[in-house]
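Novice: First, the structure itself, so that you have it in front of you.
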Number of protein chains: 2
Amino acid sequence: MQGPELDLEHLPLLSGLPSARRKDLLANAVVHAVAPGTILFDQGEMPTFQHAVLTGSAHLLGRSSEGREVLIEVVEPPDLVIPAAVVTGSPYLMRARIAEPSRLLLIRAGVFRQAVQTEPQLAQAVIASLAGQFRRLVRQVKNLKLRTAAERTGCYLVALSRRQGTPHRAVLPYEKNLIASELGMTRESFSRALSALRVHGVTVQGDTILIRDSNLLGRACHLDPLIDGLEMPP
Amino acid sequence: MQGPELDLEHLPLLSGLPSARRKDLLANAVVHAVAPGTILFDQGEMPTFQHAVLTGSAHLLGRSSEGREVLIEVVEPPDLVIPAAVVTGSPYLMRARIAEPSRLLLIRAGVFRQAVQTEPQLAQAVIASLAGQFRRLVRQVKNLKLRTAAERTGCYLVALSRRQGTPHRAVLPYEKNLIASELGMTRESFSRALSALRVHGVTVQGDTILIRDSNLLGRACHLDPLIDGLEMPP
DNA sequence: GTCCGGCATTGATCTACATCAACGAAGCGA
DNA sequence: TCGCTTCGTTGATGTAGATCAATGCCGGAC
């Protein structure tokens with residue numbers, strides 16, 4: 001289960017820590033290889049670990065009392081899984097499910113909270129993670145409140161293709177089912193929205209989408225950097 | 001403009017700081033009395049100050065490219081106004097508008113970023129603020145994706161009345177216009193949703209709402225502590 | 001006082017989206 | 001291999017909620 005130490009040295013979460021303290025923290029931590037479908041925790045539970053995604057990804061899902069489940073966010077490496085719940089010691093508001101074969105770093109919640117208080121460098125990393133996650137949610141709320149389902153779909157495709165570095169193609173990263181719920185609609189509506197975008201140069205081939213003119217599509221769907229988050233990582 | 005120091009000593013943001021450092025920070029800060037309607041900053045701008053709300057409140061609004069404007073969040077004292085943008089040095093995703101006569105503490109963004117890095121106690125306060133704001137947004141996304149407009153309205157009333165300590169009455173804190181956009185609907189839909197809730201014991205009298213049985217209303221609207229945030233503050 | 005512009009309510013209508021249903025395709029365990 | 005479920009698409013239909021429009025209301029300007 002224990003992966004090579006090398007990865008952990010380069011984790012932004014831990015880099016910058018005095019190496020004595022880092023060893024200390026890692027002594028209380030475990031690296032886990034986790035299979036897709038694994039539930040890390042459920043909404044309503046109290047945090048017992050701070051999970052960090054080293055490779056792979058985790059889906060954060062919200063569930064209504066009637067059992068409907070929607071995708072709220074995706075955690076990609078290197079990032080923490082809902083530090084907001086761990087540092088405040090409050091119950092999780094979402095379920096976390098592993099989406100693909102992944103490697104996680106697990107640190108006991110109490111140990112992590114302690115370390116955040118005593119290690120300024122670690123606190124900085126937590127602040128950066130929280131700030132990024134907050135901004136992603138703000139964008140999502142604006143997306144939901146200000147745009148139609150078709151616009152959300154089109155902008156999603158443009159943002160996806162740019163992030164993948166292929167201006168004329170976007171490959172959907174997981175089932176359309178989930179993407180639809182992430183965008184706040186049903187899978188049927190998502191399917192129809194994709195068809196409707198054909199007039200704007202969109203072609204669907206299974207899970208890969210061809211885009212004739214990304215700029216044109218973006219303009220048609222009112223692409224907005226303040227919503228779609230196309231600022232480049234440093 | 002300079003308010004009594006007493007307030008600032010008790011501000012959670014600064015309490016716990018060594019008093020020398022606190023004086024240092026406050027030497028670079030200003031307390032401002034601000035009139036309703038004042039725009040602190042606009043979406044797209046770079047942060048120049050970290051604003052902290054001492055009294056009153058600030059509305060965070062999102063605007064689409066076509067000019068439609070919706071309420072995303074309300075900042076109430078004692079809290080920071082979008083620390084996520086200030087600490088990351090990224091453009092604001094929302095406009096901030098003062099909602100009522102308020103007193104703000106302004107700290108230059110660069111100074112604040114510096115202080116967060118050198119003062120672990122301040123970093124802790126920022127983490128707490130970011131975590132709370134993140135969790136509020138998660139609840140809002142779940143609210144938008146999992147509930148109907150009528151359910152959102154009913155749960156909003158129940159949560160409001162509980163927070164105000166009056167189980168049989170809720171007083172709307174600002175114009176129905178804004179509340180509607182906060183809940184992700186038009187003012188007309190909000191008005192109709194209120195009417196529709198009459199069968200569940202809701203009576204509208206201007207901006208005060210009477211609630212016959214809060215528990216009954218909550219059950220009818222699928223009130224959920226993981227969405228409506230009724231955990232008590234410490 | 002009068003005029004006015006923003007807010008709220010209500011009705012009529014429209015439409016975006018959900019729901020229900022039927023179907024084929026693909027994954028998966030027995 | 002055979003079912004069996006889940007996924008995705010498409011069609012038919014229903015409905016929640018937006019839009020458009022008319023009216024009343026209140027608060028401010030003058």
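Identifiers in the structure tokens: chain A, B, ... in order shown; residue index from 1 per chain; ligand index from 1 in order shown.
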What's around C:DT19 at 10 Å? Count only C-alpha atoms (C1' of nucleotides), leave out sequence neighbours fewer than 3 positions away in its own chain, and write the answer as an mmCIF file with C-alpha atoms (C1' of nucleotides), in the first residue's frame.

Specialist:
data_model
loop_
_atom_site.group_PDB
_atom_site.id
_atom_site.type_symbol
_atom_site.label_atom_id
_atom_site.label_comp_id
_atom_site.auth_asym_id
_atom_site.auth_seq_id
_atom_site.Cartn_x
_atom_site.Cartn_y
_atom_site.Cartn_z
ATOM 1 C CA GLU A 188 -32.400 13.539 -21.240
ATOM 2 C "C1'" DT D 13 -46.641 14.626 -22.995
ATOM 3 C "C1'" DG D 14 -46.923 17.320 -18.734
ATOM 4 C "C1'" DT D 15 -45.751 21.046 -15.866
#

Novice: Starting from chain B, keep only residues with some atom at most 9 Å from an atom of chain D, counting only C-alpha atoms (C1' of nucleotides), and report them as JSON, numbers by chain.

Specialist: {"B": [148, 149, 185, 186, 188, 189]}

Novice: Near chain A, meaning an atom within 9 Å, which residues of chain B appear when counting only C-alpha atoms? Write them as number ranges by chain.

Specialist: B: 43-44, 62-66, 68-70, 72, 83-85, 87-88, 91-94, 116-121, 123-124, 126-128, 130-135, 137-142, 144-147, 181-185, 222-224, 226-227

Novice: For chain A, work out the contacting residues on chain C at 12 Å, counting only C-alpha atoms (C1' of nucleotides), and write them as a VMD selection string.

Specialist: chain C and resid 16 to 20 25 to 26

Novice: Once you have the residues from the selection above, write them out as a PDB file, in the first residue's frame, restricted to C-alpha atoms (C1' of nucleotides).

Specialist:
ATOM      1  C1'  DA C  16     -37.791  25.285 -21.175  1.00  0.00           C
ATOM      2  C1'  DC C  17     -37.226  21.516 -18.925  1.00  0.00           C
ATOM      3  C1'  DA C  18     -38.863  17.323 -16.470  1.00  0.00           C
ATOM      4  C1'  DT C  19     -41.275  13.241 -16.721  1.00  0.00           C
ATOM      5  C1'  DC C  20     -42.855   9.047 -18.777  1.00  0.00           C
ATOM      6  C1'  DA C  25     -26.271  -0.676 -27.124  1.00  0.00           C
ATOM      7  C1'  DA C  26     -22.921  -1.734 -23.918  1.00  0.00           C
TER       8       DA C  26
END

Novice: Atom CA of A:Leu172 to atom CA of A:Pro12: how many Å, to one decimal?

Specialist: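 Those two atoms sit 27.7 Å apart.
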
Novice: Where does DSSP see strand (DSSP E) in stretch 32-151 of chain A, if you list the residues as an MDAnalysis selection string?

Specialist: chainID A and resid 32:34 39:41 49:55 58:63 69:75 79:80 95:98 102:108

Novice: Take the residues that were just selected and, keeping N, CA and C atoms, output them as a short mmCIF file (atom, residue, chain, number, x, y, z; two decimals), in the first residue's frame.

Specialist:
data_model
loop_
_atom_site.label_atom_id
_atom_site.label_comp_id
_atom_site.auth_asym_id
_atom_site.auth_seq_id
_atom_site.Cartn_x
_atom_site.Cartn_y
_atom_site.Cartn_z
N HIS A 32 -3.12 5.05 0.44
CA HIS A 32 -4.04 3.97 0.11
C HIS A 32 -4.28 3.95 -1.39
N ALA A 33 -4.27 2.78 -1.97
CA ALA A 33 -4.76 2.64 -3.33
C ALA A 33 -6.24 2.27 -3.25
N VAL A 34 -7.08 3.00 -3.95
CA VAL A 34 -8.52 2.84 -3.78
C VAL A 34 -9.18 2.55 -5.12
N ILE A 39 -16.68 4.34 -1.44
CA ILE A 39 -17.23 5.52 -0.76
C ILE A 39 -16.28 5.90 0.37
N LEU A 40 -15.72 7.09 0.31
CA LEU A 40 -14.82 7.53 1.38
C LEU A 40 -15.60 7.87 2.63
N PHE A 41 -16.72 8.54 2.44
CA PHE A 41 -17.60 8.90 3.56
C PHE A 41 -18.93 9.34 2.99
N PHE A 49 -10.86 11.33 8.79
CA PHE A 49 -9.57 11.54 8.11
C PHE A 49 -9.63 12.81 7.27
N GLN A 50 -8.46 13.39 7.07
CA GLN A 50 -8.33 14.32 5.95
C GLN A 50 -7.74 13.52 4.80
N HIS A 51 -8.53 13.38 3.71
CA HIS A 51 -8.06 12.69 2.53
C HIS A 51 -7.42 13.68 1.58
N ALA A 52 -6.29 13.27 0.98
CA ALA A 52 -5.70 14.06 -0.09
C ALA A 52 -5.61 13.17 -1.32
N VAL A 53 -6.02 13.69 -2.47
CA VAL A 53 -5.98 12.91 -3.70
C VAL A 53 -4.60 13.07 -4.34
N LEU A 54 -3.85 11.98 -4.42
CA LEU A 54 -2.52 12.01 -5.03
C LEU A 54 -2.61 11.75 -6.52
N THR A 55 -3.38 10.72 -6.90
CA THR A 55 -3.66 10.42 -8.31
C THR A 55 -5.11 9.97 -8.42
N ALA A 58 -11.85 12.09 -7.11
CA ALA A 58 -12.99 11.78 -6.24
C ALA A 58 -14.17 12.65 -6.64
N HIS A 59 -15.35 12.05 -6.63
CA HIS A 59 -16.58 12.78 -6.92
C HIS A 59 -17.28 13.13 -5.62
N LEU A 60 -17.74 14.39 -5.51
CA LEU A 60 -18.50 14.82 -4.35
C LEU A 60 -19.96 14.91 -4.76
N LEU A 61 -20.82 14.16 -4.07
CA LEU A 61 -22.22 14.04 -4.47
C LEU A 61 -23.13 14.53 -3.35
N GLY A 62 -24.19 15.19 -3.76
CA GLY A 62 -25.20 15.61 -2.79
C GLY A 62 -26.45 14.77 -2.97
N ARG A 63 -27.11 14.44 -1.87
CA ARG A 63 -28.30 13.62 -1.96
C ARG A 63 -29.46 14.28 -1.25
N GLU A 69 -29.55 11.88 -6.32
CA GLU A 69 -28.14 12.15 -6.06
C GLU A 69 -27.55 12.93 -7.22
N VAL A 70 -26.85 14.01 -6.94
CA VAL A 70 -26.26 14.84 -7.99
C VAL A 70 -24.78 15.10 -7.71
N LEU A 71 -24.05 15.27 -8.80
CA LEU A 71 -22.62 15.57 -8.68
C LEU A 71 -22.42 17.05 -8.40
N ILE A 72 -21.72 17.36 -7.32
CA ILE A 72 -21.49 18.76 -6.96
C ILE A 72 -20.11 19.20 -7.44
N GLU A 73 -19.11 18.36 -7.20
CA GLU A 73 -17.76 18.78 -7.53
C GLU A 73 -16.87 17.58 -7.74
N VAL A 74 -15.75 17.79 -8.43
CA VAL A 74 -14.76 16.75 -8.64
C VAL A 74 -13.45 17.22 -8.02
N VAL A 75 -12.84 16.35 -7.22
CA VAL A 75 -11.55 16.68 -6.60
C VAL A 75 -10.45 16.02 -7.39
N ASP A 79 -5.09 17.74 -4.43
CA ASP A 79 -6.00 18.57 -3.64
C ASP A 79 -6.55 17.78 -2.46
N LEU A 80 -7.12 18.50 -1.52
CA LEU A 80 -7.72 17.90 -0.33
C LEU A 80 -9.19 17.65 -0.56
N ARG A 95 -21.40 13.26 -0.04
CA ARG A 95 -20.74 11.96 -0.10
C ARG A 95 -19.54 12.06 -1.03
N ALA A 96 -18.47 11.33 -0.71
CA ALA A 96 -17.30 11.29 -1.59
C ALA A 96 -17.13 9.88 -2.14
N ARG A 97 -17.07 9.78 -3.46
CA ARG A 97 -16.94 8.49 -4.12
C ARG A 97 -15.77 8.53 -5.08
N ILE A 98 -14.93 7.51 -5.02
CA ILE A 98 -13.77 7.45 -5.89
C ILE A 98 -14.23 7.14 -7.32
N SER A 102 -7.35 5.21 -7.83
CA SER A 102 -6.75 6.42 -7.27
C SER A 102 -5.82 6.08 -6.12
N ARG A 103 -4.93 6.99 -5.84
CA ARG A 103 -4.08 6.88 -4.65
C ARG A 103 -4.37 8.05 -3.74
N LEU A 104 -4.64 7.74 -2.49
CA LEU A 104 -5.02 8.76 -1.52
C LEU A 104 -4.04 8.78 -0.36
N LEU A 105 -3.84 9.97 0.18
CA LEU A 105 -3.11 10.09 1.44
C LEU A 105 -4.14 10.35 2.53
N LEU A 106 -4.10 9.53 3.58
CA LEU A 106 -5.06 9.69 4.68
C LEU A 106 -4.34 10.14 5.95
N ILE A 107 -4.85 11.21 6.54
CA ILE A 107 -4.29 11.71 7.80
C ILE A 107 -5.44 11.80 8.81
N ARG A 108 -5.24 11.29 9.98
CA ARG A 108 -6.31 11.34 10.98
C ARG A 108 -6.74 12.79 11.19
#

Novice: Please, what distance in Å, to one decimal, runs between atom C1' of C:DG11 and atom CA of B:Ser191?

Specialist: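 According to the coordinates, atom C1' of C:DG11 and atom CA of B:Ser191 are separated by 13.1 Å.
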
Novice: Separation of atom CA of B:Ile211 and atom CA of B:Ser161, in Å?

Specialist: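 Between these atoms lies a distance of 8.6 Å.
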